[in-house]
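> Contents of data18.pdb (PDB, C-alpha atoms):
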```pdb
ATOM      1  CA  MET M1423       0.000   0.000   0.000
ATOM      2  CA  LYS M1424       2.851   2.408   0.692
ATOM      3  CA  ASN M1425       3.987   2.106  -2.947
ATOM      4  CA  THR M1426       0.457   2.948  -4.099
ATOM      5  CA  LEU M1427       0.552   6.044  -1.930
ATOM      6  CA  PHE M1428       3.997   7.140  -3.103
ATOM      7  CA  ASP M1429       3.035   6.598  -6.754
ATOM      8  CA  PHE M1430       0.033   8.866  -6.208
ATOM      9  CA  ILE M1431       2.096  11.554  -4.446
ATOM     10  CA  SER M1432       4.706  11.472  -7.224
ATOM     11  CA  LYS M1433       2.096  12.868  -9.623
ATOM     12  CA  TYR M1434       2.279  16.113  -7.617
ATOM     13  CA  VAL M1435       5.684  16.313  -5.932
ATOM     14  CA  SER M1436       8.854  14.243  -5.747
ATOM     15  CA  LEU M1437       9.797  12.878  -2.345
ATOM     16  CA  THR M1438      13.168  12.225  -0.800
ATOM     17  CA  GLU M1439      13.728   9.071   1.252
ATOM     18  CA  ASP M1440      13.566  11.200   4.428
ATOM     19  CA  GLU M1441      10.161  12.546   3.410
ATOM     20  CA  LYS M1442       8.890   9.042   2.611
ATOM     21  CA  ASN M1443      10.117   7.823   5.994
ATOM     22  CA  ALA M1444       8.478  10.789   7.709
ATOM     23  CA  ILE M1445       5.133   9.836   6.150
ATOM     24  CA  LEU M1446       5.533   6.194   7.124
ATOM     25  CA  SER M1447       6.465   7.122  10.704
ATOM     26  CA  LEU M1448       3.090   8.846  11.137
ATOM     27  CA  ASP M1449       1.279   5.479  11.209
ATOM     28  CA  LEU M1450      -1.530   6.687   8.916
ATOM     29  CA  PHE M1451      -2.681   3.358   7.431
ATOM     30  CA  ARG M1452      -5.949   1.902   8.750
ATOM     31  CA  SER M1453      -7.755  -1.289   7.736
ATOM     32  CA  VAL M1454     -11.466  -0.674   8.197
ATOM     33  CA  LYS M1455     -14.251  -3.249   7.927
ATOM     34  CA  LYS M1456     -17.299  -2.878   5.699
ATOM     35  CA  GLY M1457     -20.144  -1.244   7.614
ATOM     36  CA  THR M1458     -17.883   0.796   9.907
ATOM     37  CA  THR M1459     -19.116   4.329  10.543
ATOM     38  CA  LEU M1460     -16.144   6.698  10.502
ATOM     39  CA  LEU M1461     -18.100   9.839  11.382
ATOM     40  CA  LYS M1462     -21.637  10.425  12.674
ATOM     41  CA  GLU M1463     -23.908  13.426  12.433
ATOM     42  CA  GLY M1464     -23.285  15.674  15.436
ATOM     43  CA  GLN M1465     -19.790  14.275  16.059
ATOM     44  CA  LYS M1466     -16.693  16.495  15.978
ATOM     45  CA  SER M1467     -13.614  15.240  14.159
ATOM     46  CA  LYS M1468     -10.153  16.281  13.042
ATOM     47  CA  ASP M1469      -9.770  13.307  10.666
ATOM     48  CA  SER M1470      -9.309  13.426   6.909
ATOM     49  CA  TYR M1471      -9.410  10.270   4.792
ATOM     50  CA  PHE M1472      -7.587   9.080   1.700
ATOM     51  CA  VAL M1473      -8.841   5.833   0.166
ATOM     52  CA  LEU M1474      -6.049   3.469  -0.854
ATOM     53  CA  LYS M1475      -8.417   0.520  -1.322
ATOM     54  CA  GLY M1476     -12.168   0.189  -0.885
ATOM     55  CA  CYS M1477     -15.121   2.548  -0.909
ATOM     56  CA  ILE M1478     -16.581   4.995   1.596
ATOM     57  CA  ARG M1479     -19.668   7.144   1.274
ATOM     58  CA  THR M1480     -21.093  10.302   2.766
ATOM     59  CA  TYR M1481     -24.779  10.556   3.556
ATOM     60  CA  TYR M1482     -27.365  12.482   5.521
ATOM     61  CA  ILE M1483     -30.336  11.019   7.345
ATOM     62  CA  ILE M1484     -33.367  13.147   6.576
ATOM     63  CA  ASP M1485     -36.759  12.149   7.975
ATOM     64  CA  GLY M1486     -35.347   8.694   8.720
ATOM     65  CA  GLU M1487     -34.149   8.176   5.138
ATOM     66  CA  GLU M1488     -30.503   7.992   4.025
ATOM     67  CA  LYS M1489     -29.536  10.491   1.321
ATOM     68  CA  THR M1490     -26.185   9.557  -0.243
ATOM     69  CA  THR M1491     -24.169  12.530  -1.450
ATOM     70  CA  ALA M1492     -20.846  10.989  -2.535
ATOM     71  CA  PHE M1493     -18.746   7.863  -2.946
ATOM     72  CA  TYR M1494     -14.989   7.882  -2.460
ATOM     73  CA  THR M1495     -12.954   5.070  -4.004
ATOM     74  CA  GLU M1496      -9.264   4.418  -4.679
ATOM     75  CA  MET M1497      -7.140   7.578  -4.731
ATOM     76  CA  ASP M1498     -10.001   9.827  -3.549
ATOM     77  CA  ALA M1499      -9.578  12.160  -0.577
ATOM     78  CA  LEU M1500     -12.210  13.394   1.850
ATOM     79  CA  THR M1501     -11.879  16.127   4.431
ATOM     80  CA  PRO M1502     -15.328  16.576   5.979
ATOM     81  CA  PRO M1503     -16.381  20.246   6.317
ATOM     82  CA  CYS M1504     -16.642  19.808  10.109
ATOM     83  CA  VAL M1505     -12.844  19.358  10.231
ATOM     84  CA  ILE M1506     -12.241  22.737   8.581
ATOM     85  CA  ASN M1507     -15.084  24.551  10.368
ATOM     86  CA  LYS M1508     -14.395  22.876  13.751
ATOM     87  CA  THR M1509     -18.122  22.229  14.126
ATOM     88  CA  PRO M1510     -20.153  19.034  14.627
ATOM     89  CA  SER M1511     -20.615  17.009  11.436
ATOM     90  CA  GLU M1512     -23.841  17.422   9.511
ATOM     91  CA  TYR M1513     -23.516  14.022   7.842
ATOM     92  CA  TYR M1514     -22.242  10.462   8.186
ATOM     93  CA  VAL M1515     -19.173   8.814   6.639
ATOM     94  CA  SER M1516     -19.121   5.017   6.445
ATOM     95  CA  CYS M1517     -17.332   2.173   4.672
ATOM     96  CA  ILE M1518     -19.363   0.213   2.144
ATOM     97  CA  GLU M1519     -16.460  -2.152   1.482
ATOM     98  CA  ASP M1520     -13.546  -3.402   3.546
ATOM     99  CA  SER M1521     -11.147  -0.507   3.071
ATOM    100  CA  ILE M1522      -7.566   0.559   3.579
ATOM    101  CA  LEU M1523      -7.515   4.237   4.419
ATOM    102  CA  LEU M1524      -4.915   6.802   5.192
ATOM    103  CA  VAL M1525      -6.286   8.708   8.180
ATOM    104  CA  SER M1526      -4.633  11.976   9.099
ATOM    105  CA  ASN M1527      -5.708  14.792  11.358
ATOM    106  CA  SER M1528      -5.370  18.545  11.163
ATOM    107  CA  ASP M1529      -2.725  18.727  13.935
ATOM    108  CA  MET M1530      -0.565  16.162  12.140
ATOM    109  CA  GLU M1531      -0.947  18.008   8.823
ATOM    110  CA  VAL M1532       0.225  21.305  10.351
ATOM    111  CA  GLU M1533       3.320  19.577  11.758
ATOM    112  CA  VAL M1534       4.160  17.790   8.495
ATOM    113  CA  ASN M1535       3.559  20.903   6.391
ATOM    114  CA  SER M1536       5.901  22.950   8.600
ATOM    115  CA  LYS M1537       8.682  20.332   8.300
ATOM    116  CA  PHE M1538       8.111  19.605   4.602
ATOM    117  CA  PRO M1539       6.668  22.623   2.727
ATOM    118  CA  LYS M1540       6.167  20.592  -0.479
ATOM    119  CA  PHE M1541       3.334  18.682   1.254
ATOM    120  CA  GLU M1542       1.474  21.943   1.656
ATOM    121  CA  ILE M1543       1.908  22.596  -2.073
ATOM    122  CA  MET M1544       0.615  19.100  -2.862
ATOM    123  CA  CYS M1545      -2.379  19.539  -0.513
ATOM    124  CA  ARG M1546      -3.240  22.858  -2.164
ATOM    125  CA  MET M1547      -3.094  21.246  -5.619
ATOM    126  CA  LEU M1548      -5.278  18.353  -4.444
ATOM    127  CA  SER M1549      -7.760  20.762  -2.867
ATOM    128  CA  GLU M1550      -8.004  22.798  -6.059
ATOM    129  CA  GLU M1551      -8.569  19.651  -8.138
ATOM    130  CA  LEU M1552     -11.195  18.381  -5.704
ATOM    131  CA  LEU M1553     -13.029  21.706  -5.621
ATOM    132  CA  ALA M1554     -13.156  21.883  -9.428
ATOM    133  CA  LYS M1555     -14.344  18.257  -9.656
ATOM    134  CA  GLN M1556     -17.058  18.839  -7.044
ATOM    135  CA  GLN M1557     -18.303  21.950  -8.830
ATOM    136  CA  ILE M1558     -18.554  20.068 -12.141
ATOM    137  CA  ASN M1559     -20.374  17.165 -10.442
ATOM    138  CA  PHE M1560     -22.775  19.567  -8.703
ATOM    139  CA  ASP M1561     -23.517  21.440 -11.934
ATOM    140  CA  GLU M1562     -24.072  18.179 -13.857
ATOM    141  CA  PHE M1563     -26.402  16.911 -11.130
ATOM    142  CA  LYS M1564     -28.454  20.112 -11.076
ATOM    143  CA  THR M1565     -28.806  20.302 -14.856
ATOM    144  CA  SER M1566     -29.392  16.606 -15.658
ATOM    145  CA  SER M1567     -32.389  14.325 -15.672
ATOM    146  CA  PRO M1568     -32.165  11.142 -13.561
ATOM    147  CA  GLU M1569     -31.542   9.147 -16.750
ATOM    148  CA  GLN M1570     -28.702  11.463 -17.770
ATOM    149  CA  ARG M1571     -27.214  11.253 -14.245
ATOM    150  CA  TYR M1572     -27.214   7.461 -14.520
ATOM    151  CA  LEU M1573     -25.644   7.554 -17.998
ATOM    152  CA  ASN M1574     -22.976   9.981 -16.696
ATOM    153  CA  LEU M1575     -22.284   7.568 -13.840
ATOM    154  CA  LEU M1576     -21.964   4.664 -16.286
ATOM    155  CA  GLN M1577     -19.482   6.688 -18.321
ATOM    156  CA  LYS M1578     -17.417   8.278 -15.538
ATOM    157  CA  ARG M1579     -17.596   5.786 -12.649
ATOM    158  CA  PRO M1580     -18.783   2.429 -14.004
ATOM    159  CA  ASP M1581     -17.138   0.574 -11.092
ATOM    160  CA  LEU M1582     -19.755   2.010  -8.717
ATOM    161  CA  ILE M1583     -22.546   0.123 -10.510
ATOM    162  CA  GLN M1584     -21.056  -3.196  -9.310
ATOM    163  CA  ARG M1585     -19.664  -2.012  -5.971
ATOM    164  CA  VAL M1586     -22.521  -0.045  -4.454
ATOM    165  CA  PRO M1587     -25.885  -1.405  -3.242
ATOM    166  CA  GLN M1588     -28.736  -0.357  -5.533
ATOM    167  CA  HIS M1589     -30.614   1.618  -2.850
ATOM    168  CA  GLN M1590     -27.489   3.725  -2.151
ATOM    169  CA  LEU M1591     -26.907   4.261  -5.860
ATOM    170  CA  ALA M1592     -30.526   5.357  -6.316
ATOM    171  CA  SER M1593     -30.219   7.767  -3.389
ATOM    172  CA  TYR M1594     -27.025   9.203  -4.887
ATOM    173  CA  LEU M1595     -28.852   9.761  -8.196
ATOM    174  CA  GLY M1596     -31.753  11.408  -6.360
ATOM    175  CA  ILE M1597     -34.343   8.740  -7.206
ATOM    176  CA  GLN M1598     -36.117   5.793  -5.581
ATOM    177  CA  PRO M1599     -34.693   2.251  -6.042
ATOM    178  CA  GLN M1600     -37.778   1.227  -8.084
ATOM    179  CA  SER M1601     -37.177   4.173 -10.421
ATOM    180  CA  LEU M1602     -33.570   3.071 -10.871
ATOM    181  CA  SER M1603     -34.729  -0.427 -11.855
ATOM    182  CA  ARG M1604     -37.163   1.030 -14.418
ATOM    183  CA  LEU M1605     -34.492   3.409 -15.708
ATOM    184  CA  ARG M1606     -32.008   0.547 -16.194
ATOM    185  CA  ALA M1607     -34.632  -1.500 -18.018
ATOM    186  CA  ARG M1608     -35.482   1.441 -20.276
ATOM    187  CA  ILE M1609     -31.797   2.000 -21.143
ATOM    188  CA  LEU M1610     -31.314  -1.718 -21.918
ATOM    189  CA  GLU M1611     -34.429  -1.655 -24.101
ATOM    190  CA  LYS M1612     -33.078   1.312 -26.089
ATOM    191  CA  LYS M1613     -29.809  -0.545 -26.691
ATOM    192  CA  SER M1614     -31.495  -3.645 -28.114
TER     193      SER M1614
END
```
Take the structure from the file and write it as structure tokens.


Amino acid sequence: MKNTLFDFISKYVSLTEDEKNAILSLDLFRSVKKGTTLLKEGQKSKDSYFVLKGCIRTYYIIDGEEKTTAFYTEMDALTPPCVINKTPSEYYVSCIEDSILLVSNSDMEVEVNSKFPKFEIMCRMLSEELLAKQQINFDEFKTSSPEQRYLNLLQKRPDLIQRVPQHQLASYLGIQPQSLSRLRARILEKKS
């Protein structure tokens, strides 16, 4: 897993052996079982997550119903807004697969960034990429029909179709599970 991490980092900055050892000494790697809740609504946290293997999701519970807002898979990073705002979380974060995560906290990041300024540069680049990606996803969601959202998902993140339970996928697309079944059938019919 450490090689996977260092390969990812090398896309942004080059690391010396000392810097690699500094990262490894932080003991960031966590194996987390499917079904584990990493963060609950109302809970405060300093933890940020980077998915090396597996899948985690963010969701709200509104009127007793889960509303999935995002899935994070290999090489995706998540810093919940409550970490930045230092407020209780408004949503949940949980593992939908057995996962290997890099878990860091804001105190640790400050220390590492002060010792190794290039990490701060890398974090800024990652943040900018993530912000741009989230804005595009938000705009596409707001301007698309449910069918178009599903087709976009098939094109951009086809792995989710097999990895994620149908009711969570439907929630993410903003529709009911029955509607997702009908939508899939309609798309298959058009193809034949």

> Quick one: of M:Asp1485, M:Thr1495, M:Glu1531, M:Cys1504, who's nearest to Leu1448 of chain M, counting all atoms listed in the file?

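Distance minimum relative to Leu1448 of chain M lands on M:Glu1531.
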
> Can you tell me which residues surround segment 1464-1473 of chain M at a distance of at most 12 Å, considering all atoms listed in the file, apart from same-chain residues fewer than 4 positions away, and format the answer as a PDB file with C-alpha atoms, keeping the file's coordinate frame?


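Result went into selection-v9.pdb, see below:
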```pdb
ATOM      1  CA  MET M1423       0.000   0.000   0.000  1.00  0.00           C
ATOM      2  CA  THR M1426       0.457   2.948  -4.099  1.00  0.00           C
ATOM      3  CA  LEU M1427       0.552   6.044  -1.930  1.00  0.00           C
ATOM      4  CA  PHE M1430       0.033   8.866  -6.208  1.00  0.00           C
ATOM      5  CA  ILE M1431       2.096  11.554  -4.446  1.00  0.00           C
ATOM      6  CA  LEU M1450      -1.530   6.687   8.916  1.00  0.00           C
ATOM      7  CA  PHE M1451      -2.681   3.358   7.431  1.00  0.00           C
ATOM      8  CA  ARG M1452      -5.949   1.902   8.750  1.00  0.00           C
ATOM      9  CA  SER M1453      -7.755  -1.289   7.736  1.00  0.00           C
ATOM     10  CA  VAL M1454     -11.466  -0.674   8.197  1.00  0.00           C
ATOM     11  CA  THR M1459     -19.116   4.329  10.543  1.00  0.00           C
ATOM     12  CA  LEU M1460     -16.144   6.698  10.502  1.00  0.00           C
ATOM     13  CA  CYS M1477     -15.121   2.548  -0.909  1.00  0.00           C
ATOM     14  CA  ILE M1478     -16.581   4.995   1.596  1.00  0.00           C
ATOM     15  CA  ARG M1479     -19.668   7.144   1.274  1.00  0.00           C
ATOM     16  CA  THR M1480     -21.093  10.302   2.766  1.00  0.00           C
ATOM     17  CA  TYR M1482     -27.365  12.482   5.521  1.00  0.00           C
ATOM     18  CA  ILE M1483     -30.336  11.019   7.345  1.00  0.00           C
ATOM     19  CA  PHE M1493     -18.746   7.863  -2.946  1.00  0.00           C
ATOM     20  CA  TYR M1494     -14.989   7.882  -2.460  1.00  0.00           C
ATOM     21  CA  THR M1495     -12.954   5.070  -4.004  1.00  0.00           C
ATOM     22  CA  GLU M1496      -9.264   4.418  -4.679  1.00  0.00           C
ATOM     23  CA  MET M1497      -7.140   7.578  -4.731  1.00  0.00           C
ATOM     24  CA  ASP M1498     -10.001   9.827  -3.549  1.00  0.00           C
ATOM     25  CA  ALA M1499      -9.578  12.160  -0.577  1.00  0.00           C
ATOM     26  CA  LEU M1500     -12.210  13.394   1.850  1.00  0.00           C
ATOM     27  CA  THR M1501     -11.879  16.127   4.431  1.00  0.00           C
ATOM     28  CA  PRO M1502     -15.328  16.576   5.979  1.00  0.00           C
ATOM     29  CA  PRO M1503     -16.381  20.246   6.317  1.00  0.00           C
ATOM     30  CA  CYS M1504     -16.642  19.808  10.109  1.00  0.00           C
ATOM     31  CA  VAL M1505     -12.844  19.358  10.231  1.00  0.00           C
ATOM     32  CA  ILE M1506     -12.241  22.737   8.581  1.00  0.00           C
ATOM     33  CA  ASN M1507     -15.084  24.551  10.368  1.00  0.00           C
ATOM     34  CA  LYS M1508     -14.395  22.876  13.751  1.00  0.00           C
ATOM     35  CA  THR M1509     -18.122  22.229  14.126  1.00  0.00           C
ATOM     36  CA  PRO M1510     -20.153  19.034  14.627  1.00  0.00           C
ATOM     37  CA  SER M1511     -20.615  17.009  11.436  1.00  0.00           C
ATOM     38  CA  GLU M1512     -23.841  17.422   9.511  1.00  0.00           C
ATOM     39  CA  TYR M1513     -23.516  14.022   7.842  1.00  0.00           C
ATOM     40  CA  TYR M1514     -22.242  10.462   8.186  1.00  0.00           C
ATOM     41  CA  VAL M1515     -19.173   8.814   6.639  1.00  0.00           C
ATOM     42  CA  SER M1516     -19.121   5.017   6.445  1.00  0.00           C
ATOM     43  CA  CYS M1517     -17.332   2.173   4.672  1.00  0.00           C
ATOM     44  CA  GLU M1519     -16.460  -2.152   1.482  1.00  0.00           C
ATOM     45  CA  ASP M1520     -13.546  -3.402   3.546  1.00  0.00           C
ATOM     46  CA  SER M1521     -11.147  -0.507   3.071  1.00  0.00           C
ATOM     47  CA  ILE M1522      -7.566   0.559   3.579  1.00  0.00           C
ATOM     48  CA  LEU M1523      -7.515   4.237   4.419  1.00  0.00           C
ATOM     49  CA  LEU M1524      -4.915   6.802   5.192  1.00  0.00           C
ATOM     50  CA  VAL M1525      -6.286   8.708   8.180  1.00  0.00           C
ATOM     51  CA  SER M1526      -4.633  11.976   9.099  1.00  0.00           C
ATOM     52  CA  ASN M1527      -5.708  14.792  11.358  1.00  0.00           C
ATOM     53  CA  SER M1528      -5.370  18.545  11.163  1.00  0.00           C
ATOM     54  CA  ASP M1529      -2.725  18.727  13.935  1.00  0.00           C
ATOM     55  CA  MET M1530      -0.565  16.162  12.140  1.00  0.00           C
ATOM     56  CA  GLU M1531      -0.947  18.008   8.823  1.00  0.00           C
ATOM     57  CA  VAL M1532       0.225  21.305  10.351  1.00  0.00           C
ATOM     58  CA  CYS M1545      -2.379  19.539  -0.513  1.00  0.00           C
ATOM     59  CA  LEU M1548      -5.278  18.353  -4.444  1.00  0.00           C
TER      60      LEU M1548
END
```

> Excluding Leu1575 of chain M and residues on its chain fewer than 6 positions from it, collect all residues at most 12 Å away from it, counting all atoms listed in the file, and give them as a ChimeraX atom specification.

/M:1492-1493,1559,1562-1563,1566,1568-1569,1581-1584,1591-1592,1594-1595

> List the residues matched by the PyMOL selection byres ((chain M and resi 1436-1443) around 12) in the displayed structure as a PDB file with C-alpha atoms, in the coordinates of the input, ordered by chain and then by residue number.


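Wrote result_11.pdb, looks like this:
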```pdb
ATOM      1  CA  LYS M1424       2.851   2.408   0.692  1.00  0.00           C
ATOM      2  CA  ASN M1425       3.987   2.106  -2.947  1.00  0.00           C
ATOM      3  CA  LEU M1427       0.552   6.044  -1.930  1.00  0.00           C
ATOM      4  CA  PHE M1428       3.997   7.140  -3.103  1.00  0.00           C
ATOM      5  CA  ASP M1429       3.035   6.598  -6.754  1.00  0.00           C
ATOM      6  CA  PHE M1430       0.033   8.866  -6.208  1.00  0.00           C
ATOM      7  CA  ILE M1431       2.096  11.554  -4.446  1.00  0.00           C
ATOM      8  CA  SER M1432       4.706  11.472  -7.224  1.00  0.00           C
ATOM      9  CA  LYS M1433       2.096  12.868  -9.623  1.00  0.00           C
ATOM     10  CA  TYR M1434       2.279  16.113  -7.617  1.00  0.00           C
ATOM     11  CA  VAL M1435       5.684  16.313  -5.932  1.00  0.00           C
ATOM     12  CA  ALA M1444       8.478  10.789   7.709  1.00  0.00           C
ATOM     13  CA  ILE M1445       5.133   9.836   6.150  1.00  0.00           C
ATOM     14  CA  LEU M1446       5.533   6.194   7.124  1.00  0.00           C
ATOM     15  CA  SER M1447       6.465   7.122  10.704  1.00  0.00           C
ATOM     16  CA  LEU M1448       3.090   8.846  11.137  1.00  0.00           C
ATOM     17  CA  ASP M1449       1.279   5.479  11.209  1.00  0.00           C
ATOM     18  CA  VAL M1534       4.160  17.790   8.495  1.00  0.00           C
ATOM     19  CA  ASN M1535       3.559  20.903   6.391  1.00  0.00           C
ATOM     20  CA  LYS M1537       8.682  20.332   8.300  1.00  0.00           C
ATOM     21  CA  PHE M1538       8.111  19.605   4.602  1.00  0.00           C
ATOM     22  CA  PRO M1539       6.668  22.623   2.727  1.00  0.00           C
ATOM     23  CA  LYS M1540       6.167  20.592  -0.479  1.00  0.00           C
ATOM     24  CA  PHE M1541       3.334  18.682   1.254  1.00  0.00           C
ATOM     25  CA  ILE M1543       1.908  22.596  -2.073  1.00  0.00           C
ATOM     26  CA  MET M1544       0.615  19.100  -2.862  1.00  0.00           C
TER      27      MET M1544
END
```

> Please provide as a VMD selection string all residues within 12 Å of Leu1605 of chain M, with the sequence filter that same-chain residues fewer than 4 positions apart are discarded (counting all atoms listed in the file).

chain M and resid 1567 to 1573 1592 1595 1597 to 1601 1609 to 1612

> Would you save the residues of that selection, restricted to C-alpha atoms, as a PDB file, in the frame of the given file?


```
ATOM      1  CA  SER M1567     -32.389  14.325 -15.672  1.00  0.00           C
ATOM      2  CA  PRO M1568     -32.165  11.142 -13.561  1.00  0.00           C
ATOM      3  CA  GLU M1569     -31.542   9.147 -16.750  1.00  0.00           C
ATOM      4  CA  GLN M1570     -28.702  11.463 -17.770  1.00  0.00           C
ATOM      5  CA  ARG M1571     -27.214  11.253 -14.245  1.00  0.00           C
ATOM      6  CA  TYR M1572     -27.214   7.461 -14.520  1.00  0.00           C
ATOM      7  CA  LEU M1573     -25.644   7.554 -17.998  1.00  0.00           C
ATOM      8  CA  ALA M1592     -30.526   5.357  -6.316  1.00  0.00           C
ATOM      9  CA  LEU M1595     -28.852   9.761  -8.196  1.00  0.00           C
ATOM     10  CA  ILE M1597     -34.343   8.740  -7.206  1.00  0.00           C
ATOM     11  CA  GLN M1598     -36.117   5.793  -5.581  1.00  0.00           C
ATOM     12  CA  PRO M1599     -34.693   2.251  -6.042  1.00  0.00           C
ATOM     13  CA  GLN M1600     -37.778   1.227  -8.084  1.00  0.00           C
ATOM     14  CA  SER M1601     -37.177   4.173 -10.421  1.00  0.00           C
ATOM     15  CA  ILE M1609     -31.797   2.000 -21.143  1.00  0.00           C
ATOM     16  CA  LEU M1610     -31.314  -1.718 -21.918  1.00  0.00           C
ATOM     17  CA  GLU M1611     -34.429  -1.655 -24.101  1.00  0.00           C
ATOM     18  CA  LYS M1612     -33.078   1.312 -26.089  1.00  0.00           C
TER      19      LYS M1612
END
```

> Just how far from atom CA of Ile1518 of chain M is atom CA of Lys1456 of chain M, in Å to one decimal?

5.1 Å

> Could you tell me how far atom CA of His1589 of chain M lies from atom CA of Gln1556 of chain M, in Å and to one decimal?

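That distance, rounded to one decimal, is 22.3 Å.
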
> Find the axis-aligned box for segment 1486-1498 of chain M, covering all its listed atoms and adding 3 Å on each side, and write its centre and edge lengths in Å to one decimal as lines of an AutoDock Vina configuration file.


```
center_x = -21.2
center_y = 8.5
center_z = 2.0
size_x = 34.2
size_y = 14.1
size_z = 19.5
```

> To one decimal place in Å, what is the distance between atom CA of Gln1588 of chain M and atom CA of Lys1475 of chain M?

20.8 Å

> Calculated over only C-alpha atoms, which of the candidates M:Leu1461, M:Ile1558, M:Met1547, M:Leu1552 has the smallest distance to Asn1574 of chain M?

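Nearest to Asn1574 of chain M: M:Ile1558.
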
> Kindly complete segment 1540-1546 of chain M to all heavy atoms; the output should be written as an mmCIF file, in the coordinates of the input.


```cif
data_model
loop_
_atom_site.group_PDB
_atom_site.id
_atom_site.type_symbol
_atom_site.label_atom_id
_atom_site.label_comp_id
_atom_site.auth_asym_id
_atom_site.auth_seq_id
_atom_site.Cartn_x
_atom_site.Cartn_y
_atom_site.Cartn_z
ATOM 1 N N LYS M 1540 6.717 21.108 0.775
ATOM 2 C CA LYS M 1540 6.167 20.592 -0.479
ATOM 3 C C LYS M 1540 4.849 19.846 -0.259
ATOM 4 O O LYS M 1540 4.038 19.751 -1.154
ATOM 5 C CB LYS M 1540 7.180 19.747 -1.242
ATOM 6 C CG LYS M 1540 7.553 18.434 -0.636
ATOM 7 C CD LYS M 1540 8.414 17.589 -1.570
ATOM 8 C CE LYS M 1540 9.804 18.113 -1.714
ATOM 9 N NZ LYS M 1540 10.730 17.182 -2.347
ATOM 10 N N PHE M 1541 4.616 19.338 0.963
ATOM 11 C CA PHE M 1541 3.334 18.682 1.254
ATOM 12 C C PHE M 1541 2.190 19.689 1.222
ATOM 13 O O PHE M 1541 1.094 19.389 0.783
ATOM 14 C CB PHE M 1541 3.353 17.964 2.612
ATOM 15 C CG PHE M 1541 4.155 16.704 2.594
ATOM 16 C CD1 PHE M 1541 5.265 16.562 3.411
ATOM 17 C CD2 PHE M 1541 3.815 15.650 1.759
ATOM 18 C CE1 PHE M 1541 6.013 15.402 3.392
ATOM 19 C CE2 PHE M 1541 4.561 14.490 1.726
ATOM 20 C CZ PHE M 1541 5.669 14.364 2.547
ATOM 21 N N GLU M 1542 2.493 20.892 1.691
ATOM 22 C CA GLU M 1542 1.474 21.943 1.656
ATOM 23 C C GLU M 1542 1.119 22.292 0.207
ATOM 24 O O GLU M 1542 -0.045 22.479 -0.138
ATOM 25 C CB GLU M 1542 1.973 23.171 2.405
ATOM 26 C CG GLU M 1542 0.868 24.147 2.712
ATOM 27 C CD GLU M 1542 1.279 25.185 3.746
ATOM 28 O OE1 GLU M 1542 2.456 25.229 4.154
ATOM 29 O OE2 GLU M 1542 0.391 25.958 4.133
ATOM 30 N N ILE M 1543 2.133 22.330 -0.649
ATOM 31 C CA ILE M 1543 1.908 22.596 -2.073
ATOM 32 C C ILE M 1543 1.041 21.480 -2.671
ATOM 33 O O ILE M 1543 0.067 21.746 -3.381
ATOM 34 C CB ILE M 1543 3.257 22.700 -2.829
ATOM 35 C CG1 ILE M 1543 4.024 23.940 -2.356
ATOM 36 C CG2 ILE M 1543 3.052 22.713 -4.337
ATOM 37 C CD1 ILE M 1543 5.486 23.967 -2.764
ATOM 38 N N MET M 1544 1.388 20.235 -2.351
ATOM 39 C CA MET M 1544 0.615 19.100 -2.862
ATOM 40 C C MET M 1544 -0.836 19.164 -2.359
ATOM 41 O O MET M 1544 -1.776 18.966 -3.129
ATOM 42 C CB MET M 1544 1.247 17.777 -2.432
ATOM 43 C CG MET M 1544 0.511 16.572 -2.982
ATOM 44 S SD MET M 1544 1.133 15.014 -2.334
ATOM 45 C CE MET M 1544 0.416 15.034 -0.704
ATOM 46 N N CYS M 1545 -1.021 19.464 -1.079
ATOM 47 C CA CYS M 1545 -2.379 19.539 -0.513
ATOM 48 C C CYS M 1545 -3.192 20.642 -1.185
ATOM 49 O O CYS M 1545 -4.382 20.466 -1.448
ATOM 50 C CB CYS M 1545 -2.321 19.768 0.997
ATOM 51 S SG CYS M 1545 -1.767 18.307 1.891
ATOM 52 N N ARG M 1546 -2.533 21.771 -1.479
ATOM 53 C CA ARG M 1546 -3.240 22.858 -2.164
ATOM 54 C C ARG M 1546 -3.675 22.412 -3.561
ATOM 55 O O ARG M 1546 -4.805 22.646 -3.990
ATOM 56 C CB ARG M 1546 -2.368 24.110 -2.237
ATOM 57 C CG ARG M 1546 -3.186 25.328 -2.703
ATOM 58 C CD ARG M 1546 -2.344 26.546 -2.991
ATOM 59 N NE ARG M 1546 -1.631 26.357 -4.234
ATOM 60 C CZ ARG M 1546 -0.309 26.317 -4.362
ATOM 61 N NH1 ARG M 1546 0.468 26.460 -3.324
ATOM 62 N NH2 ARG M 1546 0.252 26.144 -5.545
#
```
